[in-house]
2 protein chains.
Amino acid sequence: MENNNEKLEKSRHSLAHLLAAAVLTKWPTALIGIGPTVDNGFYYDISTPSTPTPHDLEKLEKEMRTLASKKLSFVRKDLSADDARKLFTSQPFKIELIDELEKKGEPISVYETGDAFVDLCRGPHVENTSEIALDGFKLSKIAGAYWRGDEKNKQLTRIYGLAFEGKKELAAYEKMIAEAEKRDHRKIGKDLDLFTFSDLVGPGLPLWTPRGTMIREKLNDFVWELRSARGFERVAIPHITKRSLYETSGHWDKFKDELFKIVTREQHEYAMKPMNCPHHTQIFAHLPRSYREMPQRYSETTMVYRDEQSGELSGLSRVLCITQDDAHVFCRMSQIKEEFFKIWDIVDTFYGTFGFNLKVRLSFHDPAKMEKYLGTPDIWDTAERALREIAKERGVEAFEAPGEAAMYGPKIDFMAHDSLGRQLQVATIQLDMNMPERFDLFCTNEKGEHERIVMLHCATMGSIERFLAALIEHLEGNFPTWLSPVQVRIIPVSDKHIDYAKIAASTLSKEGVRVEIDESSNTIGKKIRDGKLMKLPYLLVVGDKELTAGTVTVESRDKGSLGAVSVPDFTASIKKEITERARVAK
Amino acid sequence: MENNNEKLEKSRHSLAHLLAAAVLTKWPTALIGIGPTVDNGFYYDISTPSTPTPHDLEKLEKEMRTLASKKLSFVRKDLSADDARKLFTSQPFKIELIDELEKKGEPISVYETGDAFVDLCRGPHVENTSEIALDGFKLSKIAGAYWRGDEKNKQLTRIYGLAFEGKKELAAYEKMIAEAEKRDHRKIGKDLDLFTFSDLVGPGLPLWTPRGTMIREKLNDFVWELRSARGFERVAIPHITKRSLYETSGHWDKFKDELFKIVTREQHEYAMKPMNCPHHTQIFAHLPRSYREMPQRYSETTMVYRDEQSGELSGLSRVLCITQDDAHVFCRMSQIKEEFFKIWDIVDTFYGTFGFNLKVRLSFHDPAKMEKYLGTPDIWDTAERALREIAKERGVEAFEAPGEAAMYGPKIDFMAHDSLGRQLQVATIQLDMNMPERFDLFCTNEKGEHERIVMLHCATMGSIERFLAALIEHLEGNFPTWLSPVQVRIIPVSDKHIDYAKIAASTLSKEGVRVEIDESSNTIGKKIRDGKLMKLPYLLVVGDKELTAGTVTVESRDKGSLGAVSVPDFTASIKKEITERARVAK
């Protein structure tokens, strides 16, 4: 039986054909490229005498509805390359595709939509346009696109359409998108002045303002607090290395394209680090290690660099410079489970604080693609069996994902669902039996023998950039008080209340609260609006009444107006909120 | 009148001749190269039939003394290149030098030492060997050296000699050297396990162990505490940038050789940052700034990279990867003095904590070499006049050093004298009127006009690596308690005291004291020796007596045996010592 996804997929694909048909009705000389489905609908790449206007889109959409309501049937026909070429004499892009299919010896088929349209196509499609929900689709936008994605080719116009099961589903999707746009971390990051980009420095290289840096530091302090309590120690390494380190680790071979490479003035070859593990092995290995010293737990928050294609860079989600809260545990086989659980506790506590729901994925290797990985199938089986057992003993539901492993070992990945229901891979714990082989890492055991050790790779936030992008969107920029760069803004009603505001600020500041005073000449209403726009947790209004009573009038972002409170009482309550890392009320 | 330095210089130079004479006496077929003076004496590069042994050095030294005691006179003779060549027919290195002098048209002279020796030489020398202190010199060591420092040339043997005014001065120097060797940060760094190097990662790239990282963090926390109290805010930038940033800043032109350059997979040109100022300007400049927001004070501890020649790398003193505790103040002209004084206070407090005496150097530009600098002579004069005034108003003695400025402005440099009396450049405050011009940095002033601002560059430790090298040698590795990676080690007398040790450790640890327990099976004497070798501030011995009384027996590194103290009393006293950042007692 056909499932709903397949049905929607066929419907979207058929709508792409109707779009092309409508385009040819409007512009009979238009050239048409390809028209696949995408996550939320479909598109078609076309070349028209003039660029379609929003008004054109409306008319095309109307034409598509007219065609669909004609209850046209989709009929597949298989035919020879020559016959196909005859059918598309005036469509050079189609001819190019036909030539290619012929060359590869692949079957060639077309789909006829009634007598309205015929397109070179593999299918599948709906049987009849009556299956398409007329109120479930709309044309959404246009964009430029090179033919076959190659910038050496002709530029075409890509017309996008949204398509869902019906009116309700389409509306729900559009609402979600509007919400996501409102929450876009690039927009909120700018509104709250958290980071910026410079044309001189280049794309994918965020510059962190004082406010953004404060958030980074507070997040990192939190992770470090959790790690420190579990015996982790900090280490520090440089961002470059001689090529030889990555030849030994295998990165030079498997990670080559993504390495930023450097040739020194003396012609030595260096690379910027895309990961920290190889350097950390050298700290472990610089001294002989007794079983008494195991595990060694190294933690380091540091920037790693990957040479991404510039077209893939986007806000904080994809950057050239990734701040990892990285950690490596060097331990004995017998210690794996205990160490995994310690790290797992950190992950649960950290994500719980922000109200993320976590799902657990066992990211295993793809046995069909061993060339992507280091090590033998045996090593992989042992490691993956260990992970299965650990997940079982932890008592969580976990799903297995072959092909999602790291190059040196399988992982337990944590998938978060944000407040919009979107899934993101966040924390990870990886079991590595390969790197210790390659770097010959061992400890001396109770019998005085050399015992091969294993490495756990773990990151709590993963990339601070990507985590922060997700967190901003999850919280809509409403950071909990402990994480807010500015926790309190004091708003004097007039200039004569500034001195009192300073006394209150000094009381808060002495207790470690991050406070500022709005000394501008704006009206009180404007000052309050400004504070709300900056999503500040607390605005404290001080005027004559407050000055006389020794109070502040508290406007809480999350709890609304809290009335007049004495300065010591407010200080005590916000300190408690900060210490407990209280979550934002929803 | 001849001063003492000139006299010593002549004496050293003359001893080099006596060394060559002694070598030719011992090995008549030896070839001789050049024999200049150095900081502590002299050397001569020679080629002998066999490599000199320590015994040979003794004999050479004896021969030098015999020659010197003959009261031979040094006589200069000027002669033609042809006559000179005749004199050195069997000395090809000398012939090469004569040919070169002839080519350049320079005068050629030789010095005869009685009838014992004649050498091609510019002089000057003592008039008579009787002026040389027979007990003020000794041959110290040999090393390999390429003729004229070029590795394509023949390898020679370099014989080094120490030479001073007399026996006392020689002994004092040797004592200082022995002390410096004992304090060598490379040796102590290894003994205390603070950092390591890996052949795979490469020279000049230290890897910081947990202990070393702890010291780095504590030092950095201290600087940040001082800055934070004075309105600095942290920012964060990546380690790379597009070339365009450094074209604008001037670094691409003036700093080219020292830049690590990267070409990306898309053939874009990037560089690793050798400084942070250009990136920081982009954070300042990303928003319009009102005079109300001035000054902006950015602080960031981050690694910068400079492509040094590998022959110049040494321990932590010269590395490829420099951790700077960097800060930039963007301020108005009218705010310069106040901001300078704030930073100066930080420097005084920081260095005072370690007992360094600071001297102040006004590092100015060299008007004869304007090509080294950015900006016009006018800008330089204004900036240097401002620094002179600031130093005067601060009421310190400052000396001016032309040619020591940064490329973008003059500096106030702080020179520390360590416990061996050696001078090191440590902190710096730089006044920069050029970068704001190049990046067009301004604020809007009270009148609504654009007002050009200035930048102050400041670093307290400068390079953490170089500072830590100096600090280790200054303190001989005896870090004050607040800075020690491990502050307390508890030594149980036998296994049955381990539980009590753990209770005491837990009490200390809860109060933030860094404590460990020596659970090894070593004797109590060995455990105490181990703790002292690691230069731990406190060793607490716990046995039956202590267990019964609820005490620990305290062995202080700096104050000796302190007897039995209750655990709460010890905890309170060490906490006080840490909070106050008490200095090590000398």
# chains A, B, ... in the order shown; residues from 1 in each chain; ligands from 1

call {"tool": "residues_around", "arguments": {"residues": "Glu225 of chain A", "least_positions_apart": "4", "cutoff": "12 Å", "atoms": "only C-alpha atoms", "output": "list in words"}}
result
Glu217, Lys218, Leu219, Asn220, Asp221, Ala229, Arg230, Gly231, Phe232, Glu233, Arg234, Ser299, Ile346, Thr349 and Phe350 of chain A

call {"tool": "residues_around", "arguments": {"residues": "Leu8 of chain A", "least_positions_apart": "5", "cutoff": "9 Å", "atoms": "only C-alpha atoms", "output": "PyMOL selection string"}}
result
chain A and resi 3+13+41+132+163-165

call {"tool": "write_last_selection", "arguments": {"atoms": "C-alpha atoms", "output": "CSV table (one decimal), in the first residue's frame"}}
result
chain,number,residue,atom,x,y,z
A,3,ASN,CA,2.1,5.6,2.2
A,13,HIS,CA,6.4,15.9,-8.9
A,41,GLY,CA,7.2,21.1,-2.6
A,132,ILE,CA,-3.8,16.8,-6.4
A,163,ALA,CA,2.9,21.6,-1.9
A,164,PHE,CA,1.2,19.8,1.0
A,165,GLU,CA,-1.7,17.4,1.6

call {"tool": "closest_atom_pairs", "arguments": {"of": "chain A", "to": "chain B", "cutoff": "7 Å", "atoms": "only C-alpha atoms", "output": "JSON lines"}}
result
{"residue": "A:Ser198", "atom": "CA", "partner": "B:Gln282", "partner_atom": "CA", "distance": 6.4}
{"residue": "A:Leu200", "atom": "CA", "partner": "B:Leu245", "partner_atom": "CA", "distance": 4.7}
{"residue": "A:Val201", "atom": "CA", "partner": "B:Thr241", "partner_atom": "CA", "distance": 4.6}
{"residue": "A:Gly202", "atom": "CA", "partner": "B:Lys242", "partner_atom": "CA", "distance": 5.6}
{"residue": "A:Leu205", "atom": "CA", "partner": "B:Pro238", "partner_atom": "CA", "distance": 6.3}
{"residue": "A:Pro206", "atom": "CA", "partner": "B:Ile237", "partner_atom": "CA", "distance": 7.0}
{"residue": "A:Leu207", "atom": "CA", "partner": "B:Ile237", "partner_atom": "CA", "distance": 5.0}
{"residue": "A:Trp208", "atom": "CA", "partner": "B:Ala236", "partner_atom": "CA", "distance": 4.9}
{"residue": "A:Thr209", "atom": "CA", "partner": "B:Val235", "partner_atom": "CA", "distance": 5.3}
{"residue": "A:Pro210", "atom": "CA", "partner": "B:Val235", "partner_atom": "CA", "distance": 5.0}
{"residue": "A:Thr213", "atom": "CA", "partner": "B:Val235", "partner_atom": "CA", "distance": 5.3}
{"residue": "A:Glu233", "atom": "CA", "partner": "B:Pro210", "partner_atom": "CA", "distance": 5.7}
{"residue": "A:Arg234", "atom": "CA", "partner": "B:Pro210", "partner_atom": "CA", "distance": 5.4}
{"residue": "A:Val235", "atom": "CA", "partner": "B:Pro210", "partner_atom": "CA", "distance": 5.0}
{"residue": "A:Ala236", "atom": "CA", "partner": "B:Trp208", "partner_atom": "CA", "distance": 4.9}
{"residue": "A:Ile237", "atom": "CA", "partner": "B:Leu207", "partner_atom": "CA", "distance": 5.0}
{"residue": "A:Pro238", "atom": "CA", "partner": "B:Cys321", "partner_atom": "CA", "distance": 6.3}
{"residue": "A:Thr241", "atom": "CA", "partner": "B:Val201", "partner_atom": "CA", "distance": 4.6}
{"residue": "A:Lys242", "atom": "CA", "partner": "B:Val201", "partner_atom": "CA", "distance": 5.1}
{"residue": "A:Ser244", "atom": "CA", "partner": "B:Leu200", "partner_atom": "CA", "distance": 5.3}
{"residue": "A:Leu245", "atom": "CA", "partner": "B:Leu200", "partner_atom": "CA", "distance": 4.7}
{"residue": "A:Phe260", "atom": "CA", "partner": "B:Thr264", "partner_atom": "CA", "distance": 6.5}
{"residue": "A:Lys261", "atom": "CA", "partner": "B:Ile262", "partner_atom": "CA", "distance": 6.1}
{"residue": "A:Ile262", "atom": "CA", "partner": "B:Ile262", "partner_atom": "CA", "distance": 5.3}
{"residue": "A:Thr264", "atom": "CA", "partner": "B:Phe260", "partner_atom": "CA", "distance": 6.5}
{"residue": "A:Arg265", "atom": "CA", "partner": "B:Asp307", "partner_atom": "CA", "distance": 6.9}
{"residue": "A:Gln282", "atom": "CA", "partner": "B:Ser198", "partner_atom": "CA", "distance": 6.4}
{"residue": "A:Ile283", "atom": "CA", "partner": "B:Thr209", "partner_atom": "CA", "distance": 6.3}
{"residue": "A:Asp307", "atom": "CA", "partner": "B:Thr264", "partner_atom": "CA", "distance": 6.5}
{"residue": "A:Cys321", "atom": "CA", "partner": "B:Pro238", "partner_atom": "CA", "distance": 6.3}

call {"tool": "write_last_selection", "arguments": {"atoms": "N, CA and C atoms", "output": "PDB file, in the first residue's frame"}}
result
ATOM      1  N   SER A 198      32.641  40.775   8.700  1.00  0.00           N
ATOM      2  CA  SER A 198      33.305  41.890   8.018  1.00  0.00           C
ATOM      3  C   SER A 198      33.711  41.434   6.625  1.00  0.00           C
ATOM      4  N   LEU A 200      36.091  42.568   4.970  1.00  0.00           N
ATOM      5  CA  LEU A 200      37.548  42.506   4.910  1.00  0.00           C
ATOM      6  C   LEU A 200      38.080  41.192   5.472  1.00  0.00           C
ATOM      7  N   VAL A 201      37.404  40.662   6.496  1.00  0.00           N
ATOM      8  CA  VAL A 201      37.837  39.407   7.128  1.00  0.00           C
ATOM      9  C   VAL A 201      37.333  38.212   6.318  1.00  0.00           C
ATOM     10  N   GLY A 202      36.108  38.318   5.813  1.00  0.00           N
ATOM     11  CA  GLY A 202      35.607  37.273   4.935  1.00  0.00           C
ATOM     12  C   GLY A 202      34.422  36.508   5.498  1.00  0.00           C
ATOM     13  N   LEU A 205      33.498  33.709   8.938  1.00  0.00           N
ATOM     14  CA  LEU A 205      34.425  34.033  10.033  1.00  0.00           C
ATOM     15  C   LEU A 205      33.786  35.064  10.959  1.00  0.00           C
ATOM     16  N   PRO A 206      32.901  34.618  11.863  1.00  0.00           N
ATOM     17  CA  PRO A 206      32.208  35.557  12.734  1.00  0.00           C
ATOM     18  C   PRO A 206      33.168  36.281  13.674  1.00  0.00           C
ATOM     19  N   LEU A 207      32.861  37.530  13.934  1.00  0.00           N
ATOM     20  CA  LEU A 207      33.587  38.335  14.926  1.00  0.00           C
ATOM     21  C   LEU A 207      32.624  38.523  16.082  1.00  0.00           C
ATOM     22  N   TRP A 208      33.038  38.143  17.263  1.00  0.00           N
ATOM     23  CA  TRP A 208      32.138  38.126  18.418  1.00  0.00           C
ATOM     24  C   TRP A 208      32.242  39.416  19.211  1.00  0.00           C
ATOM     25  N   THR A 209      31.129  40.103  19.341  1.00  0.00           N
ATOM     26  CA  THR A 209      31.074  41.346  20.103  1.00  0.00           C
ATOM     27  C   THR A 209      31.164  41.033  21.598  1.00  0.00           C
ATOM     28  N   PRO A 210      31.315  42.065  22.434  1.00  0.00           N
ATOM     29  CA  PRO A 210      31.319  41.810  23.884  1.00  0.00           C
ATOM     30  C   PRO A 210      30.095  41.015  24.353  1.00  0.00           C
ATOM     31  N   THR A 213      30.358  37.400  23.085  1.00  0.00           N
ATOM     32  CA  THR A 213      31.465  36.715  23.760  1.00  0.00           C
ATOM     33  C   THR A 213      31.062  36.329  25.176  1.00  0.00           C
ATOM     34  N   GLU A 233      40.505  17.672  32.989  1.00  0.00           N
ATOM     35  CA  GLU A 233      41.517  18.709  33.167  1.00  0.00           C
ATOM     36  C   GLU A 233      41.697  19.437  31.845  1.00  0.00           C
ATOM     37  N   ARG A 234      42.002  20.715  31.918  1.00  0.00           N
ATOM     38  CA  ARG A 234      42.181  21.458  30.669  1.00  0.00           C
ATOM     39  C   ARG A 234      43.596  21.298  30.117  1.00  0.00           C
ATOM     40  N   VAL A 235      43.706  21.270  28.809  1.00  0.00           N
ATOM     41  CA  VAL A 235      44.990  21.280  28.117  1.00  0.00           C
ATOM     42  C   VAL A 235      44.922  22.382  27.058  1.00  0.00           C
ATOM     43  N   ALA A 236      46.040  22.678  26.431  1.00  0.00           N
ATOM     44  CA  ALA A 236      46.044  23.724  25.387  1.00  0.00           C
ATOM     45  C   ALA A 236      47.035  23.362  24.284  1.00  0.00           C
ATOM     46  N   ILE A 237      46.577  23.476  23.060  1.00  0.00           N
ATOM     47  CA  ILE A 237      47.417  23.128  21.900  1.00  0.00           C
ATOM     48  C   ILE A 237      47.354  24.257  20.872  1.00  0.00           C
ATOM     49  N   PRO A 238      48.337  24.303  19.975  1.00  0.00           N
ATOM     50  CA  PRO A 238      48.289  25.314  18.903  1.00  0.00           C
ATOM     51  C   PRO A 238      47.294  24.921  17.806  1.00  0.00           C
ATOM     52  N   THR A 241      49.978  22.329  12.824  1.00  0.00           N
ATOM     53  CA  THR A 241      50.884  21.202  13.041  1.00  0.00           C
ATOM     54  C   THR A 241      51.629  20.916  11.761  1.00  0.00           C
ATOM     55  N   LYS A 242      52.766  20.291  11.904  1.00  0.00           N
ATOM     56  CA  LYS A 242      53.442  19.743  10.733  1.00  0.00           C
ATOM     57  C   LYS A 242      52.555  18.671  10.119  1.00  0.00           C
ATOM     58  N   SER A 244      53.217  15.801   9.312  1.00  0.00           N
ATOM     59  CA  SER A 244      53.493  14.437   9.797  1.00  0.00           C
ATOM     60  C   SER A 244      52.468  13.954  10.822  1.00  0.00           C
ATOM     61  N   LEU A 245      51.931  14.860  11.652  1.00  0.00           N
ATOM     62  CA  LEU A 245      50.931  14.448  12.649  1.00  0.00           C
ATOM     63  C   LEU A 245      49.713  13.852  11.947  1.00  0.00           C
ATOM     64  N   PHE A 260      43.006  23.354   5.775  1.00  0.00           N
ATOM     65  CA  PHE A 260      43.686  24.583   5.360  1.00  0.00           C
ATOM     66  C   PHE A 260      45.184  24.287   5.421  1.00  0.00           C
ATOM     67  N   LYS A 261      45.857  24.380   4.299  1.00  0.00           N
ATOM     68  CA  LYS A 261      47.283  24.028   4.272  1.00  0.00           C
ATOM     69  C   LYS A 261      48.162  25.262   4.205  1.00  0.00           C
ATOM     70  N   ILE A 262      49.333  25.139   4.812  1.00  0.00           N
ATOM     71  CA  ILE A 262      50.275  26.263   4.906  1.00  0.00           C
ATOM     72  C   ILE A 262      51.649  25.777   4.461  1.00  0.00           C
ATOM     73  N   THR A 264      55.482  27.074   4.884  1.00  0.00           N
ATOM     74  CA  THR A 264      56.219  28.108   5.623  1.00  0.00           C
ATOM     75  C   THR A 264      57.300  28.719   4.737  1.00  0.00           C
ATOM     76  N   ARG A 265      57.928  29.780   5.266  1.00  0.00           N
ATOM     77  CA  ARG A 265      58.990  30.446   4.496  1.00  0.00           C
ATOM     78  C   ARG A 265      60.144  29.489   4.230  1.00  0.00           C
ATOM     79  N   GLN A 282      49.380  13.487  21.634  1.00  0.00           N
ATOM     80  CA  GLN A 282      50.787  13.773  21.900  1.00  0.00           C
ATOM     81  C   GLN A 282      51.008  14.235  23.338  1.00  0.00           C
ATOM     82  N   ILE A 283      49.972  14.792  23.939  1.00  0.00           N
ATOM     83  CA  ILE A 283      50.084  15.141  25.363  1.00  0.00           C
ATOM     84  C   ILE A 283      49.996  13.860  26.192  1.00  0.00           C
ATOM     85  N   ASP A 307      38.184  23.955   5.564  1.00  0.00           N
ATOM     86  CA  ASP A 307      38.101  24.695   4.304  1.00  0.00           C
ATOM     87  C   ASP A 307      36.796  24.334   3.591  1.00  0.00           C
ATOM     88  N   CYS A 321      35.493  28.578  10.815  1.00  0.00           N
ATOM     89  CA  CYS A 321      36.186  28.605  12.092  1.00  0.00           C
ATOM     90  C   CYS A 321      35.200  28.131  13.148  1.00  0.00           C
TER      91      CYS A 321
END

call {"tool": "atom_distance", "arguments": {"atom1": "atom CA of Phe88 of chain B", "atom2": "atom CA of Lys141 of chain B"}}
result
27.3 Å

call {"tool": "select_by_dssp", "arguments": {"residues": "segment 230-383 of chain B", "states": "strand (DSSP E)", "output": "number ranges by chain"}}
result
B: 233-234, 240-242, 261-263, 269-272, 296-305, 321-331, 357-364

call {"tool": "atom_distance", "arguments": {"atom1": "atom CA of Ser228 of chain A", "atom2": "atom CA of Lys342 of chain A"}}
result
11.4 Å

call {"tool": "residues_around", "arguments": {"residues": "Gly421 of chain A", "least_positions_apart": "2", "cutoff": "12 Å", "atoms": "only C-alpha atoms", "output": "CSV table (one decimal) with C-alpha atoms, in the first residue's frame"}}
result
chain,number,residue,atom,x,y,z
A,173,TYR,CA,4.0,24.9,7.1
A,176,MET,CA,6.2,27.4,10.9
A,177,ILE,CA,8.4,29.2,8.3
A,179,GLU,CA,8.1,31.7,13.0
A,180,ALA,CA,11.5,30.4,12.0
A,356,PHE,CA,15.8,20.5,24.6
A,357,ASN,CA,14.4,16.9,24.2
A,358,LEU,CA,17.2,14.6,23.2
A,415,MET,CA,19.6,14.7,18.5
A,416,ALA,CA,17.8,17.7,19.9
A,417,HIS,CA,14.3,18.9,19.0
A,418,ASP,CA,13.9,22.6,19.3
A,419,SER,CA,10.8,24.6,20.1
A,423,GLN,CA,15.8,18.1,14.7
A,424,LEU,CA,19.5,19.0,15.2
A,470,ALA,CA,20.1,26.6,17.5
A,473,GLU,CA,16.2,30.1,17.5
A,474,HIS,CA,15.0,27.7,20.2

call {"tool": "atom_distance", "arguments": {"atom1": "atom CA of Leu431 of chain A", "atom2": "atom CA of Ile343 of chain A"}}
result
12.2 Å

call {"tool": "closest_residue", "arguments": {"among": "B:Leu533, B:Val584, B:Ala459, B:Ala386", "to": "Phe414 of chain B", "atoms": "only C-alpha atoms"}}
result
B:Ala459

call {"tool": "residues_around", "arguments": {"residues": "Lys502 of chain A", "least_positions_apart": "5", "cutoff": "12 Å", "atoms": "only C-alpha atoms", "output": "PyMOL selection string"}}
result
chain A and resi 489-492+495-497+507-510+515-519+540+542+547+567

call {"tool": "residues_around", "arguments": {"residues": "Asp82 of chain A", "least_positions_apart": "6", "cutoff": "10 Å", "atoms": "only C-alpha atoms", "output": "PDB file with N, CA, C and O atoms, in the first residue's frame"}}
result
ATOM      1  N   ILE A  95      17.109  17.802 -24.968  1.00  0.00           N
ATOM      2  CA  ILE A  95      17.956  17.050 -25.905  1.00  0.00           C
ATOM      3  C   ILE A  95      19.254  16.626 -25.214  1.00  0.00           C
ATOM      4  O   ILE A  95      19.704  15.482 -25.320  1.00  0.00           O
ATOM      5  N   ILE A  98      18.562  13.775 -22.986  1.00  0.00           N
ATOM      6  CA  ILE A  98      18.307  12.543 -23.763  1.00  0.00           C
ATOM      7  C   ILE A  98      19.632  11.952 -24.258  1.00  0.00           C
ATOM      8  O   ILE A  98      19.889  10.748 -24.122  1.00  0.00           O
ATOM      9  N   ASP A  99      20.509  12.831 -24.789  1.00  0.00           N
ATOM     10  CA  ASP A  99      21.814  12.369 -25.278  1.00  0.00           C
ATOM     11  C   ASP A  99      22.569  11.645 -24.168  1.00  0.00           C
ATOM     12  O   ASP A  99      23.216  10.616 -24.388  1.00  0.00           O
ATOM     13  N   GLU A 102      21.070   8.249 -23.357  1.00  0.00           N
ATOM     14  CA  GLU A 102      21.424   7.322 -24.432  1.00  0.00           C
ATOM     15  C   GLU A 102      22.856   6.817 -24.246  1.00  0.00           C
ATOM     16  O   GLU A 102      23.131   5.626 -24.351  1.00  0.00           O
TER      17      GLU A 102
END

call {"tool": "closest_residue", "arguments": {"among": "A:Lys154, A:Leu139, A:Leu162, A:Val347", "to": "Glu9 of chain A", "atoms": "only C-alpha atoms"}}
result
A:Leu162

call {"tool": "select_by_dssp", "arguments": {"residues": "segment 169-256 of chain A", "states": "alpha helix (DSSP H)", "output": "MDAnalysis selection string"}}
result
chainID A and resid 169:182 185:191 210:228 243:249 251:254

call {"tool": "write_last_selection", "arguments": {"atoms": "C-alpha atoms", "output": "CSV table (one decimal), in the first residue's frame"}}
result
chain,number,residue,atom,x,y,z
A,169,GLU,CA,-1.0,21.4,6.1
A,170,LEU,CA,0.1,24.2,3.8
A,171,ALA,CA,-1.0,26.8,6.4
A,172,ALA,CA,0.8,25.0,9.2
A,173,TYR,CA,4.0,24.9,7.1
A,174,GLU,CA,3.8,28.6,6.3
A,175,LYS,CA,3.2,29.5,9.9
A,176,MET,CA,6.2,27.4,10.9
A,177,ILE,CA,8.4,29.2,8.3
A,178,ALA,CA,7.2,32.6,9.4
A,179,GLU,CA,8.1,31.7,13.0
A,180,ALA,CA,11.5,30.4,12.0
A,181,GLU,CA,12.2,33.6,10.1
A,182,LYS,CA,11.2,35.6,13.2
A,185,HIS,CA,19.7,33.5,14.5
A,186,ARG,CA,21.2,35.9,11.9
A,187,LYS,CA,18.4,38.4,12.5
A,188,ILE,CA,18.3,38.1,16.3
A,189,GLY,CA,22.1,38.0,16.5
A,190,LYS,CA,22.1,41.4,14.8
A,191,ASP,CA,19.2,42.8,16.9
A,210,PRO,CA,31.3,41.8,23.9
A,211,ARG,CA,27.7,40.6,24.3
A,212,GLY,CA,28.2,37.5,22.1
A,213,THR,CA,31.5,36.7,23.8
A,214,MET,CA,29.8,36.9,27.2
A,215,ILE,CA,27.3,34.2,26.1
A,216,ARG,CA,30.1,32.1,24.7
A,217,GLU,CA,32.0,32.3,27.9
A,218,LYS,CA,29.0,31.6,30.1
A,219,LEU,CA,28.1,28.5,28.0
A,220,ASN,CA,31.7,27.3,28.1
A,221,ASP,CA,31.9,27.9,31.9
A,222,PHE,CA,28.8,25.7,32.3
A,223,VAL,CA,30.3,22.9,30.3
A,224,TRP,CA,33.6,23.2,32.2
A,225,GLU,CA,31.8,23.2,35.6
A,226,LEU,CA,30.2,19.9,34.6
A,227,ARG,CA,33.4,18.4,33.3
A,228,SER,CA,35.6,19.7,36.1
A,243,ARG,CA,51.9,17.5,8.1
A,244,SER,CA,53.5,14.4,9.8
A,245,LEU,CA,50.9,14.4,12.6
A,246,TYR,CA,48.1,14.0,10.2
A,247,GLU,CA,49.9,11.4,8.1
A,248,THR,CA,50.1,9.3,11.3
A,249,SER,CA,46.5,10.1,12.3
A,251,HIS,CA,43.6,12.9,8.4
A,252,TRP,CA,46.1,13.9,5.7
A,253,ASP,CA,44.6,11.2,3.6
A,254,LYS,CA,40.9,11.1,4.6

call {"tool": "residues_around", "arguments": {"residues": "Ala405 of chain A", "least_positions_apart": "6", "cutoff": "12 Å", "atoms": "only C-alpha atoms", "output": "list in words"}}
result
Arg361, Leu362, Ser363, Phe364, His365, Asp366, Pro367, Lys369, Met370, Lys372, Tyr373, Leu374, Trp380, Ala383, Glu384, Leu387, Lys411, Ile412, Asp413, Thr428, Ile429, Gln430, Leu431 and Asp432 of chain A

call {"tool": "residues_around", "arguments": {"residues": "Gly123 of chain B", "least_positions_apart": "3", "cutoff": "10 Å", "atoms": "only C-alpha atoms", "output": "list in words"}}
result
Lys10, His13, Ser14, Phe74, Val75, Arg76, Ser109, Val110, Tyr111, Asp119, Leu120 and Val126 of chain B

call {"tool": "closest_residue", "arguments": {"among": "A:Leu313, A:Leu156, A:Ala21, A:Ala81", "to": "Pro52 of chain A", "atoms": "only C-alpha atoms"}}
result
A:Leu156

call {"tool": "closest_residue", "arguments": {"among": "B:Asp56, B:Thr25, B:Gly114, B:Cys121", "to": "Ala84 of chain B", "atoms": "only C-alpha atoms"}}
result
B:Cys121
